[in-house]
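Working notes, beginning with the structure itself.
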Amino acid sequence: MKQNFTVRHGALDGVETFLSVARHRSFRRAAAALGVTPSAVSQSVRSLEARIGAALLIRTTRSVGLTEAGQRFLDRAGPAFDELVAASEAARDLGQRPAGLLRLAVPRSVVPLILEPVIASFCDAYPEIELEIAASDEMVDIAAGGFDAGIRLGELIAADMVVVRLTPPFPFVVVGSPDYLRRHGAPAQIEDLRGHACLRLRRWSGAIAPWTFATGNEVIEAMVAGPLIAHDYPTLLGSAIQGLGLAQVPGPIAEAAIADGRLQRLLTPFAVMTPGVFLYHSGKRQMLPKLRAFIDHVKAPRRADAAPGDQASIR
């Protein structure tokens, strides 16, 4: 039969008082150290002895000593109580300054877009923070996974999370290399994709993501085909640069390759906009200074372009 080792409610009441009396060998000096009256100290110790079922102290008009039970209790409870105090101070320290392990759950595509430009400067600015980045496209329960926060596209965040905007809205773009377009031509309409090699993304759920487009106020999905299925956008982007086919990727991760001519944007009139990238966490009351420092640091280069307010509602 499984034993129940749960500490009874109130079991720790009076322990600090007893330890103070035992260490000072005086009710009066213990009361002064604790900031209470000697009678309150005496009552607290008597209650503790009653719960334990044994006398812990020998009291005379001249001195205070320990019974055998009291000595055993002091030998084991003293170090344990000191550990509790140290644990409280360690936890309080993390609540007062940016320090400790900061764990973030992040999609692979967001790492080059959001994190790579700021990792080094953040670690330099906050040497007491250890930054751990778990890059995965799987949807993660940040509380169950022990993460301080996650980063996702806005439409993929649970409604009960507090969200902080990290980027403005941006389009999903179709791109192809000049070499591919010389060999196969450029699609002018969405229907033209049937004749092209389209590189596709498999979502964390196992489904292959359709390509999404906007026509007027309507969003449509196109089922495409091609030689490659990848699990992250950087792989699709790299394969498109190599001329394997066309790819549909978040606009910001393709900007550099478009700017230097390695890729060309296609089907621009049909590009669909996304809400942008957001950091999400479980609530203001649970935000430690280490997370606040990270949010402020990541948002700093974008403050000039950010909308008013730190937090953005995406619902």
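Identifiers in the structure tokens: chain A, B, ... in order shown; residue index from 1 per chain; ligand index from 1 in order shown.
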
Checklist line | Contacts of A:Ala247 at 7 Å (only C-alpha atoms; same-chain gap of 4+ positions) as a list in words | finding: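 The residues satisfying every condition are Val174, Val175, Gly176, Cys198, Leu199, Leu236, Leu237 and Ala240 of chain A.
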
Next item on the list: Could you give me, as a list in words, the residues within 8 Å of A:Val41, counting only C-alpha atoms and dropping anything in the same chain fewer than 4 positions from it?
Entry: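 The residues that qualify are Thr17, Phe27, Ala30, Ala31, Val36, Thr37 and Val45 of chain A.
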
Note to self: One decimal, in Å: what's the spacing between atom CA of A:Asp148 and atom CA of A:Asp160?
What the structure shows: 15.1 Å

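Minimum distance to A:Glu218 across A:Leu115, A:Val85, A:Ala271, A:Ala149 (counting only C-alpha atoms) occurs at A:Ala271.
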
Next item on the list: Write down as a VMD selection string the residues of stretch 90-265 of chain A whose backbone DSSP state falls under alpha helix (DSSP H).
Entry: chain A and resid 90 to 94 110 119 to 125 178 to 184 233 to 241 251 to 259

Export N, CA and C atoms of the chosen residues as a short mmCIF file (atom, residue, chain, number, x, y, z; two decimals), in the first residue's frame?
```
data_model
loop_
_atom_site.label_atom_id
_atom_site.label_comp_id
_atom_site.auth_asym_id
_atom_site.auth_seq_id
_atom_site.Cartn_x
_atom_site.Cartn_y
_atom_site.Cartn_z
N ALA A 90 16.73 32.00 -2.55
CA ALA A 90 17.12 31.78 -3.95
C ALA A 90 15.96 32.11 -4.88
N ALA A 91 14.74 31.67 -4.50
CA ALA A 91 13.57 31.97 -5.33
C ALA A 91 13.29 33.47 -5.34
N ARG A 92 13.42 34.12 -4.19
CA ARG A 92 13.19 35.56 -4.11
C ARG A 92 14.19 36.32 -4.97
N ASP A 93 15.41 35.83 -5.01
CA ASP A 93 16.45 36.48 -5.80
C ASP A 93 16.07 36.49 -7.29
N LEU A 94 15.51 35.37 -7.78
CA LEU A 94 15.09 35.30 -9.18
C LEU A 94 13.91 36.22 -9.44
N VAL A 110 11.78 30.84 -36.75
CA VAL A 110 11.87 32.09 -36.00
C VAL A 110 13.30 32.35 -35.52
N ILE A 119 20.83 37.19 -29.88
CA ILE A 119 21.33 36.24 -28.87
C ILE A 119 22.61 36.75 -28.22
N ALA A 120 23.59 37.11 -29.04
CA ALA A 120 24.89 37.51 -28.49
C ALA A 120 24.76 38.75 -27.62
N SER A 121 24.03 39.75 -28.09
CA SER A 121 23.91 41.00 -27.32
C SER A 121 23.12 40.77 -26.04
N PHE A 122 22.11 39.90 -26.08
CA PHE A 122 21.35 39.61 -24.86
C PHE A 122 22.22 38.91 -23.83
N CYS A 123 22.99 37.90 -24.25
CA CYS A 123 23.86 37.19 -23.32
C CYS A 123 24.93 38.11 -22.75
N ASP A 124 25.42 39.04 -23.56
CA ASP A 124 26.40 40.01 -23.05
C ASP A 124 25.77 40.97 -22.04
N ALA A 125 24.53 41.37 -22.32
CA ALA A 125 23.87 42.35 -21.45
C ALA A 125 23.42 41.73 -20.13
N PRO A 178 16.42 32.59 -59.85
CA PRO A 178 16.51 32.98 -61.26
C PRO A 178 16.78 31.78 -62.17
N ASP A 179 17.59 30.84 -61.69
CA ASP A 179 17.89 29.66 -62.50
C ASP A 179 16.63 28.83 -62.74
N TYR A 180 15.85 28.60 -61.68
CA TYR A 180 14.61 27.83 -61.84
C TYR A 180 13.65 28.54 -62.79
N LEU A 181 13.54 29.86 -62.64
CA LEU A 181 12.59 30.60 -63.47
C LEU A 181 13.03 30.65 -64.93
N ARG A 182 14.35 30.63 -65.18
CA ARG A 182 14.81 30.54 -66.57
C ARG A 182 14.40 29.22 -67.21
N ARG A 183 14.44 28.18 -66.42
CA ARG A 183 14.13 26.84 -66.95
C ARG A 183 12.64 26.56 -67.05
N HIS A 184 11.85 27.15 -66.14
CA HIS A 184 10.45 26.77 -66.07
C HIS A 184 9.47 27.93 -66.25
N TYR A 233 10.78 25.95 -42.45
CA TYR A 233 10.90 26.93 -43.53
C TYR A 233 12.34 27.17 -43.99
N PRO A 234 13.33 27.21 -43.11
CA PRO A 234 14.70 27.41 -43.60
C PRO A 234 15.14 26.36 -44.62
N THR A 235 14.70 25.10 -44.45
CA THR A 235 15.04 24.07 -45.42
C THR A 235 14.38 24.35 -46.76
N LEU A 236 13.11 24.76 -46.73
CA LEU A 236 12.42 25.11 -47.97
C LEU A 236 13.11 26.29 -48.65
N LEU A 237 13.49 27.28 -47.86
CA LEU A 237 14.13 28.46 -48.43
C LEU A 237 15.45 28.09 -49.09
N GLY A 238 16.27 27.30 -48.41
CA GLY A 238 17.55 26.90 -48.97
C GLY A 238 17.40 26.10 -50.24
N SER A 239 16.40 25.23 -50.28
CA SER A 239 16.17 24.42 -51.48
C SER A 239 15.71 25.28 -52.64
N ALA A 240 14.88 26.31 -52.35
CA ALA A 240 14.46 27.22 -53.41
C ALA A 240 15.65 28.00 -53.96
N ILE A 241 16.55 28.43 -53.09
CA ILE A 241 17.75 29.14 -53.54
C ILE A 241 18.59 28.26 -54.45
N GLY A 251 7.64 36.07 -45.32
CA GLY A 251 8.39 37.10 -46.02
C GLY A 251 9.71 37.50 -45.39
N PRO A 252 9.75 37.74 -44.07
CA PRO A 252 11.01 38.22 -43.48
C PRO A 252 12.20 37.28 -43.66
N ILE A 253 11.98 35.96 -43.68
CA ILE A 253 13.14 35.07 -43.79
C ILE A 253 13.68 35.02 -45.22
N ALA A 254 12.88 35.51 -46.18
CA ALA A 254 13.34 35.52 -47.57
C ALA A 254 13.89 36.87 -47.99
N GLU A 255 13.81 37.89 -47.14
CA GLU A 255 14.18 39.25 -47.54
C GLU A 255 15.62 39.35 -48.03
N ALA A 256 16.55 38.74 -47.30
CA ALA A 256 17.96 38.87 -47.69
C ALA A 256 18.21 38.22 -49.04
N ALA A 257 17.65 37.04 -49.28
CA ALA A 257 17.87 36.35 -50.55
C ALA A 257 17.20 37.09 -51.70
N ILE A 258 16.07 37.74 -51.44
CA ILE A 258 15.42 38.55 -52.48
C ILE A 258 16.26 39.79 -52.77
N ALA A 259 16.76 40.42 -51.71
CA ALA A 259 17.53 41.65 -51.88
C ALA A 259 18.81 41.43 -52.68
#
```
